[in-house]
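Encoded as structure tokens, the structure appears first; notes follow it.
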Amino acid sequence: MKVHSSLLTKIAQSSALTMLVVAFAVSPVSAATFTDVSERYEPAVNYLVAQDITNGVSKTKFGIDQNVKRGDAAIILAHALGFTEKDAPSSGFGDVPTRGVVAINALKAAGIVNGKSTKSFGFNDLMKRGEMALMLTKSAAYNIKGDKSKLTFTDVNDRYADAVAALVDHKITTGKSTAKFGTNDLLKRGEYAVFIHKIEQSIEKEPVVPFALTKYQGLWETKRANSQDSYLSVNIENIKANTAKVQVDSMSSGAMYIGSVDSEAKFVDNKARIYYSEDGFNGSGVITIELLENAVGVTVVKSNERGYLFEGKYKAYKK
């Protein structure tokens, strides 16, 4: 397949990030077990533990006031988003230990994280609140928006304004004070737990059907009013068990044709992800196909060193 040049397609396969030995991997417990979890943090900690997103730093401590490393923040976010595929393209970062490879490869391919440089992710660097805001609000993460013109924080510059506004408008945060978001403050584990919990609760969940792949065979397309609209056409065929041939026949951003992907994709929990890269733009991306009640949900993120070329979340309806 060609996208101005050759596409290297990869098939998303189910695996478990929980098999990684991460810094927070101890026996699952509840907030009541941790001696450092106050009432303020209890709902968030209980949620993260129950969902296997993270555990404590020990059997008796969650680590509420401990700073969060960039690598650990990425692993937690990948758990929360369900980014568990091993076949994402390599991030190219030389400082990512084995326990973080799956998470950071997947998050980088989806355009959610970048490194400190092309060779270094900054795995052991401490995460700042502003960096966290950028991660959580990316279109391939929780994809929330806000009105930056309403911000009253004096410590939020243009780089962070959209992300912080999204968190405020969705009532994820009110800042450290009426005047400060704390953009350059180091992120604490307790804070991060609260952010993840609130944003998980705030997003509208798409209704999904019990797993039944057979009903989705055929051609699914987004509605298109004119040539300037973004467009996707997805064909699902050759269904066998829970595996089907998924072909993205066409994807375009307005009048700019981007290309197609033809690959065998395995559906797990009604979702299949296809990772790809193409050498013409030194870009990479991920296409997620999700089976919804009456449609196929498609999320595409395509990025390169110049920024996003194509991104969005769409519903494709049976043609």
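Letters for chains follow the order of the structure tokens (A, B, ...), residue numbers begin at 1 for each chain, and ligand numbers begin at 1 in the order shown.
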
Do you know which residues are at most 10 Å from Val300 (chain A) counting only C-alpha atoms, after dropping those on the same chain fewer than 6 positions away, and could you put them as an mmCIF file with C-alpha atoms, in the first residue's frame?
```cif
data_model
loop_
_atom_site.group_PDB
_atom_site.id
_atom_site.type_symbol
_atom_site.label_atom_id
_atom_site.label_comp_id
_atom_site.auth_asym_id
_atom_site.auth_seq_id
_atom_site.Cartn_x
_atom_site.Cartn_y
_atom_site.Cartn_z
ATOM 1 C CA ALA A 110 -0.869 7.541 18.868
ATOM 2 C CA SER A 139 -7.359 13.454 20.715
ATOM 3 C CA ALA A 140 -6.102 9.871 20.965
ATOM 4 C CA LEU A 232 -13.011 7.452 6.023
ATOM 5 C CA MET A 251 -8.833 8.356 4.476
ATOM 6 C CA ARG A 273 -5.882 -1.170 16.349
ATOM 7 C CA ILE A 274 -3.662 -0.917 13.287
ATOM 8 C CA TYR A 275 -0.353 0.894 13.621
ATOM 9 C CA GLY A 285 -0.125 6.734 13.253
ATOM 10 C CA VAL A 286 -2.722 4.459 14.698
ATOM 11 C CA ILE A 287 -6.181 3.568 13.461
ATOM 12 C CA THR A 288 -8.597 2.186 16.046
ATOM 13 C CA ILE A 289 -11.732 0.389 14.828
ATOM 14 C CA PHE A 310 -4.809 13.943 10.099
ATOM 15 C CA GLU A 311 -6.600 13.217 13.318
ATOM 16 C CA GLY A 312 -10.134 12.740 14.511
ATOM 17 C CA LYS A 313 -12.824 10.462 15.839
ATOM 18 C CA TYR A 314 -15.517 9.378 13.420
#
```

Selection near region 121-123 of chain A, 9 Å with only C-alpha atoms, sequence-local residues under 4 positions removed, as a ChimeraX atom specification
/A:69-72,74,91-97,100,104,113-117

Residues as selected, N, CA, C and O atoms, written as a PDB file, in the first residue's frame, can you do that?
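As written to disk, result.pdb reads:
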```pdb
ATOM      1  N   LYS A  69       7.326  10.189  37.972  1.00  0.00           N
ATOM      2  CA  LYS A  69       8.262  10.230  36.851  1.00  0.00           C
ATOM      3  C   LYS A  69       7.490  10.205  35.533  1.00  0.00           C
ATOM      4  O   LYS A  69       6.392   9.661  35.443  1.00  0.00           O
ATOM      5  N   ARG A  70       8.087  10.775  34.494  1.00  0.00           N
ATOM      6  CA  ARG A  70       7.435  10.805  33.175  1.00  0.00           C
ATOM      7  C   ARG A  70       7.126   9.387  32.689  1.00  0.00           C
ATOM      8  O   ARG A  70       6.066   9.123  32.126  1.00  0.00           O
ATOM      9  N   GLY A  71       8.045   8.477  32.919  1.00  0.00           N
ATOM     10  CA  GLY A  71       7.826   7.102  32.473  1.00  0.00           C
ATOM     11  C   GLY A  71       6.670   6.436  33.184  1.00  0.00           C
ATOM     12  O   GLY A  71       5.844   5.755  32.570  1.00  0.00           O
ATOM     13  N   ASP A  72       6.582   6.637  34.492  1.00  0.00           N
ATOM     14  CA  ASP A  72       5.493   6.036  35.253  1.00  0.00           C
ATOM     15  C   ASP A  72       4.151   6.673  34.911  1.00  0.00           C
ATOM     16  O   ASP A  72       3.117   6.004  34.873  1.00  0.00           O
ATOM     17  N   ALA A  74       3.357   7.773  32.005  1.00  0.00           N
ATOM     18  CA  ALA A  74       2.989   7.192  30.715  1.00  0.00           C
ATOM     19  C   ALA A  74       2.421   5.787  30.880  1.00  0.00           C
ATOM     20  O   ALA A  74       1.421   5.426  30.246  1.00  0.00           O
ATOM     21  N   SER A  91       9.498   3.513  19.610  1.00  0.00           N
ATOM     22  CA  SER A  91       9.534   4.956  19.864  1.00  0.00           C
ATOM     23  C   SER A  91      10.879   5.567  19.490  1.00  0.00           C
ATOM     24  O   SER A  91      10.964   6.771  19.244  1.00  0.00           O
ATOM     25  N   GLY A  92      11.926   4.749  19.481  1.00  0.00           N
ATOM     26  CA  GLY A  92      13.262   5.258  19.181  1.00  0.00           C
ATOM     27  C   GLY A  92      13.971   5.843  20.383  1.00  0.00           C
ATOM     28  O   GLY A  92      15.114   6.306  20.281  1.00  0.00           O
ATOM     29  N   PHE A  93      13.320   5.824  21.543  1.00  0.00           N
ATOM     30  CA  PHE A  93      13.932   6.374  22.743  1.00  0.00           C
ATOM     31  C   PHE A  93      14.855   5.337  23.377  1.00  0.00           C
ATOM     32  O   PHE A  93      14.463   4.202  23.620  1.00  0.00           O
ATOM     33  N   GLY A  94      16.069   5.768  23.695  1.00  0.00           N
ATOM     34  CA  GLY A  94      17.049   4.841  24.245  1.00  0.00           C
ATOM     35  C   GLY A  94      17.032   4.729  25.748  1.00  0.00           C
ATOM     36  O   GLY A  94      17.770   3.905  26.311  1.00  0.00           O
ATOM     37  N   ASP A  95      16.219   5.526  26.425  1.00  0.00           N
ATOM     38  CA  ASP A  95      16.238   5.537  27.890  1.00  0.00           C
ATOM     39  C   ASP A  95      15.002   4.883  28.501  1.00  0.00           C
ATOM     40  O   ASP A  95      14.736   5.059  29.689  1.00  0.00           O
ATOM     41  N   VAL A  96      14.244   4.124  27.704  1.00  0.00           N
ATOM     42  CA  VAL A  96      13.027   3.486  28.210  1.00  0.00           C
ATOM     43  C   VAL A  96      13.328   2.046  28.613  1.00  0.00           C
ATOM     44  O   VAL A  96      13.687   1.226  27.768  1.00  0.00           O
ATOM     45  N   PRO A  97      13.186   1.708  29.895  1.00  0.00           N
ATOM     46  CA  PRO A  97      13.441   0.331  30.323  1.00  0.00           C
ATOM     47  C   PRO A  97      12.354  -0.604  29.816  1.00  0.00           C
ATOM     48  O   PRO A  97      11.287  -0.158  29.368  1.00  0.00           O
ATOM     49  N   GLY A 100       8.590  -0.167  30.430  1.00  0.00           N
ATOM     50  CA  GLY A 100       7.855   0.952  29.842  1.00  0.00           C
ATOM     51  C   GLY A 100       7.748   0.918  28.334  1.00  0.00           C
ATOM     52  O   GLY A 100       7.106   1.781  27.734  1.00  0.00           O
ATOM     53  N   ILE A 104       5.021   3.217  26.133  1.00  0.00           N
ATOM     54  CA  ILE A 104       5.543   4.411  25.477  1.00  0.00           C
ATOM     55  C   ILE A 104       5.555   4.257  23.959  1.00  0.00           C
ATOM     56  O   ILE A 104       5.292   5.218  23.226  1.00  0.00           O
ATOM     57  N   VAL A 113       2.313  11.218  23.420  1.00  0.00           N
ATOM     58  CA  VAL A 113       3.535  11.676  24.077  1.00  0.00           C
ATOM     59  C   VAL A 113       4.637  11.914  23.053  1.00  0.00           C
ATOM     60  O   VAL A 113       4.640  11.331  21.971  1.00  0.00           O
ATOM     61  N   ASN A 114       5.553  12.785  23.430  1.00  0.00           N
ATOM     62  CA  ASN A 114       6.791  12.991  22.698  1.00  0.00           C
ATOM     63  C   ASN A 114       7.943  12.837  23.680  1.00  0.00           C
ATOM     64  O   ASN A 114       7.732  12.779  24.888  1.00  0.00           O
ATOM     65  N   GLY A 115       9.138  12.803  23.159  1.00  0.00           N
ATOM     66  CA  GLY A 115      10.292  12.699  24.028  1.00  0.00           C
ATOM     67  C   GLY A 115      10.897  14.054  24.324  1.00  0.00           C
ATOM     68  O   GLY A 115      10.470  15.081  23.788  1.00  0.00           O
ATOM     69  N   LYS A 116      11.900  14.045  25.182  1.00  0.00           N
ATOM     70  CA  LYS A 116      12.671  15.254  25.428  1.00  0.00           C
ATOM     71  C   LYS A 116      13.539  15.570  24.208  1.00  0.00           C
ATOM     72  O   LYS A 116      13.923  16.709  23.973  1.00  0.00           O
ATOM     73  N   SER A 117      13.846  14.517  23.451  1.00  0.00           N
ATOM     74  CA  SER A 117      14.540  14.626  22.175  1.00  0.00           C
ATOM     75  C   SER A 117      14.142  13.411  21.356  1.00  0.00           C
ATOM     76  O   SER A 117      13.361  12.575  21.809  1.00  0.00           O
TER      77      SER A 117
END
```

For Val246 (chain A), find every residue with an atom within 9 Å (counting only C-alpha atoms), except residues of its own chain fewer than 4 positions away, and show them as an NGL selection string.
:A and (234-238 or 261-266 or 272 or 274 or 289)

With N, CA and C atoms retained, export the selected residues as a compact mmCIF listing (two decimals), in the first residue's frame.
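File written: again18.txt
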```txt
# COMPACT_ATOMS: atom_id res chain seq x y z
N VAL A 234 -14.13 2.14 5.58
CA VAL A 234 -13.56 0.96 6.22
C VAL A 234 -14.31 -0.28 5.76
N ASN A 235 -13.58 -1.27 5.30
CA ASN A 235 -14.19 -2.52 4.87
C ASN A 235 -13.78 -3.64 5.83
N ILE A 236 -14.78 -4.35 6.37
CA ILE A 236 -14.53 -5.47 7.28
C ILE A 236 -15.06 -6.73 6.61
N GLU A 237 -14.18 -7.69 6.39
CA GLU A 237 -14.58 -8.91 5.68
C GLU A 237 -13.75 -10.10 6.15
N ASN A 238 -14.05 -11.27 5.56
CA ASN A 238 -13.32 -12.51 5.88
C ASN A 238 -13.31 -12.79 7.38
N VAL A 261 -4.96 1.52 4.38
CA VAL A 261 -4.25 0.49 5.11
C VAL A 261 -5.01 -0.82 4.94
N ASP A 262 -4.31 -1.87 4.58
CA ASP A 262 -4.93 -3.18 4.38
C ASP A 262 -4.20 -4.17 5.27
N SER A 263 -4.90 -4.68 6.29
CA SER A 263 -4.22 -5.55 7.24
C SER A 263 -5.21 -6.47 7.94
N GLU A 264 -4.71 -7.61 8.39
CA GLU A 264 -5.50 -8.47 9.25
C GLU A 264 -5.43 -7.91 10.67
N ALA A 265 -6.57 -7.53 11.22
CA ALA A 265 -6.59 -6.94 12.57
C ALA A 265 -7.45 -7.80 13.48
N LYS A 266 -6.94 -8.09 14.64
CA LYS A 266 -7.67 -8.91 15.61
C LYS A 266 -8.49 -8.02 16.53
N ALA A 272 -10.07 -3.01 17.54
CA ALA A 272 -8.87 -3.46 16.84
C ALA A 272 -8.05 -2.23 16.50
N ILE A 274 -4.66 -0.71 14.34
CA ILE A 274 -3.66 -0.92 13.29
C ILE A 274 -2.66 0.23 13.39
N ILE A 289 -10.39 0.74 15.29
CA ILE A 289 -11.73 0.39 14.83
C ILE A 289 -12.50 -0.14 16.03
```

Output as a ChimeraX atom specification all residues of region 76-282 of chain A that backbone DSSP marks as strand (DSSP E or B).
/A:126,128,186,188,218-221,231-240,243-253,256-266,268,271-278

Residues of region 63-286 of chain A in alpha helix (DSSP H), written as a ChimeraX atom specification
/A:70-81,98-109,129-137,158-169,189-202

Dump as JSON lines the rows for residues of region 153-190 of chain A within 9 Å of region 130-134 of chain A: closest atom pair and distance in Å with one decimal, only C-alpha atoms counted, ordered by chain and rising residue number.
```
{"residue": "A:Val156", "atom": "CA", "partner": "A:Gly130", "partner_atom": "CA", "distance": 8.2}
{"residue": "A:Arg159", "atom": "CA", "partner": "A:Leu134", "partner_atom": "CA", "distance": 8.8}
{"residue": "A:Tyr160", "atom": "CA", "partner": "A:Gly130", "partner_atom": "CA", "distance": 6.4}
{"residue": "A:Asp162", "atom": "CA", "partner": "A:Leu134", "partner_atom": "CA", "distance": 8.5}
{"residue": "A:Ala163", "atom": "CA", "partner": "A:Leu134", "partner_atom": "CA", "distance": 5.4}
{"residue": "A:Val164", "atom": "CA", "partner": "A:Ala133", "partner_atom": "CA", "distance": 6.0}
{"residue": "A:Ala166", "atom": "CA", "partner": "A:Ala133", "partner_atom": "CA", "distance": 8.7}
{"residue": "A:Leu167", "atom": "CA", "partner": "A:Ala133", "partner_atom": "CA", "distance": 7.4}
{"residue": "A:Phe181", "atom": "CA", "partner": "A:Gly130", "partner_atom": "CA", "distance": 8.4}
{"residue": "A:Gly182", "atom": "CA", "partner": "A:Gly130", "partner_atom": "CA", "distance": 7.4}
{"residue": "A:Thr183", "atom": "CA", "partner": "A:Gly130", "partner_atom": "CA", "distance": 4.3}
{"residue": "A:Asn184", "atom": "CA", "partner": "A:Gly130", "partner_atom": "CA", "distance": 6.2}
{"residue": "A:Asp185", "atom": "CA", "partner": "A:Gly130", "partner_atom": "CA", "distance": 7.9}
{"residue": "A:Leu186", "atom": "CA", "partner": "A:Gly130", "partner_atom": "CA", "distance": 8.9}
{"residue": "A:Leu187", "atom": "CA", "partner": "A:Met132", "partner_atom": "CA", "distance": 7.9}
```

Just write the chosen residues, all heavy atoms, as a short mmCIF file (atom, residue, chain, number, x, y, z; two decimals), in the first residue's frame.
```cif
data_model
loop_
_atom_site.label_atom_id
_atom_site.label_comp_id
_atom_site.auth_asym_id
_atom_site.auth_seq_id
_atom_site.Cartn_x
_atom_site.Cartn_y
_atom_site.Cartn_z
N VAL A 156 -0.36 30.01 32.84
CA VAL A 156 -0.64 29.12 31.72
C VAL A 156 -0.37 29.88 30.42
O VAL A 156 -1.10 30.81 30.07
CB VAL A 156 -2.10 28.62 31.73
CG1 VAL A 156 -2.38 27.75 30.52
CG2 VAL A 156 -2.37 27.85 33.01
N ARG A 159 1.16 27.42 25.06
CA ARG A 159 1.41 25.99 24.85
C ARG A 159 0.40 25.13 25.61
O ARG A 159 -0.03 24.09 25.12
CB ARG A 159 2.83 25.63 25.28
CG ARG A 159 3.14 24.15 25.12
CD ARG A 159 4.46 23.77 25.73
NE ARG A 159 4.69 22.34 25.60
CZ ARG A 159 5.62 21.67 26.28
NH1 ARG A 159 6.43 22.31 27.12
NH2 ARG A 159 5.76 20.37 26.11
N TYR A 160 0.03 25.58 26.79
CA TYR A 160 -0.81 24.76 27.67
C TYR A 160 -2.27 25.21 27.72
O TYR A 160 -3.10 24.52 28.32
CB TYR A 160 -0.24 24.78 29.10
CG TYR A 160 1.18 24.28 29.20
CD1 TYR A 160 2.24 25.16 29.33
CD2 TYR A 160 1.46 22.92 29.16
CE1 TYR A 160 3.55 24.70 29.43
CE2 TYR A 160 2.75 22.45 29.25
CZ TYR A 160 3.80 23.35 29.38
OH TYR A 160 5.09 22.89 29.47
N ASP A 162 -4.97 25.46 25.74
CA ASP A 162 -6.07 24.60 25.27
C ASP A 162 -6.28 23.41 26.20
O ASP A 162 -7.41 23.05 26.52
CB ASP A 162 -5.80 24.10 23.84
CG ASP A 162 -5.97 25.21 22.80
OD1 ASP A 162 -6.84 26.07 22.99
OD2 ASP A 162 -5.23 25.20 21.80
N ALA A 163 -5.18 22.80 26.60
CA ALA A 163 -5.27 21.60 27.45
C ALA A 163 -5.83 21.95 28.83
O ALA A 163 -6.72 21.26 29.35
CB ALA A 163 -3.89 20.95 27.59
N VAL A 164 -5.33 23.00 29.44
CA VAL A 164 -5.81 23.38 30.77
C VAL A 164 -7.27 23.82 30.70
O VAL A 164 -8.08 23.48 31.58
CB VAL A 164 -4.92 24.50 31.35
CG1 VAL A 164 -5.52 25.03 32.67
CG2 VAL A 164 -3.50 23.99 31.59
N ALA A 166 -9.52 22.73 28.70
CA ALA A 166 -10.33 21.52 28.58
C ALA A 166 -10.55 20.88 29.95
O ALA A 166 -11.67 20.46 30.28
CB ALA A 166 -9.66 20.52 27.64
N LEU A 167 -9.51 20.80 30.75
CA LEU A 167 -9.64 20.21 32.09
C LEU A 167 -10.55 21.04 32.99
O LEU A 167 -11.33 20.50 33.76
CB LEU A 167 -8.25 20.08 32.73
CG LEU A 167 -7.28 19.10 32.06
CD1 LEU A 167 -5.92 19.16 32.73
CD2 LEU A 167 -7.82 17.67 32.09
N PHE A 181 -2.69 27.56 37.95
CA PHE A 181 -2.94 26.15 37.67
C PHE A 181 -1.83 25.29 38.25
O PHE A 181 -2.04 24.15 38.63
CB PHE A 181 -3.05 25.91 36.16
CG PHE A 181 -3.11 24.45 35.80
CD1 PHE A 181 -4.24 23.69 36.08
CD2 PHE A 181 -2.02 23.81 35.19
CE1 PHE A 181 -4.29 22.33 35.77
CE2 PHE A 181 -2.08 22.45 34.87
CZ PHE A 181 -3.21 21.72 35.16
N GLY A 182 -0.63 25.87 38.34
CA GLY A 182 0.53 25.09 38.79
C GLY A 182 1.19 24.39 37.63
O GLY A 182 1.64 23.25 37.75
N THR A 183 1.26 25.07 36.49
CA THR A 183 1.77 24.47 35.25
C THR A 183 3.14 23.86 35.42
O THR A 183 3.40 22.74 34.94
CB THR A 183 1.81 25.53 34.13
OG1 THR A 183 0.49 26.05 33.94
CG2 THR A 183 2.30 24.92 32.83
N ASN A 184 4.03 24.54 36.09
CA ASN A 184 5.41 24.05 36.24
C ASN A 184 5.64 23.32 37.55
O ASN A 184 6.77 22.94 37.85
CB ASN A 184 6.40 25.21 36.10
CG ASN A 184 6.44 25.75 34.68
OD1 ASN A 184 6.47 24.97 33.72
ND2 ASN A 184 6.42 27.07 34.54
N ASP A 185 4.59 23.12 38.34
CA ASP A 185 4.73 22.36 39.58
C ASP A 185 4.84 20.88 39.25
O ASP A 185 4.24 20.39 38.29
CB ASP A 185 3.52 22.57 40.49
CG ASP A 185 3.45 23.98 41.05
OD1 ASP A 185 4.40 24.76 40.83
OD2 ASP A 185 2.44 24.30 41.71
N LEU A 186 5.59 20.17 40.08
CA LEU A 186 5.73 18.73 39.87
C LEU A 186 4.44 18.01 40.23
O LEU A 186 3.76 18.37 41.19
CB LEU A 186 6.89 18.19 40.71
CG LEU A 186 8.28 18.72 40.36
CD1 LEU A 186 9.33 18.14 41.29
CD2 LEU A 186 8.64 18.42 38.90
N LEU A 187 4.11 17.01 39.45
CA LEU A 187 2.88 16.25 39.63
C LEU A 187 3.05 15.21 40.74
O LEU A 187 4.03 14.47 40.76
CB LEU A 187 2.52 15.55 38.32
CG LEU A 187 1.27 14.67 38.31
CD1 LEU A 187 0.02 15.52 38.49
CD2 LEU A 187 1.20 13.88 37.00
#
```
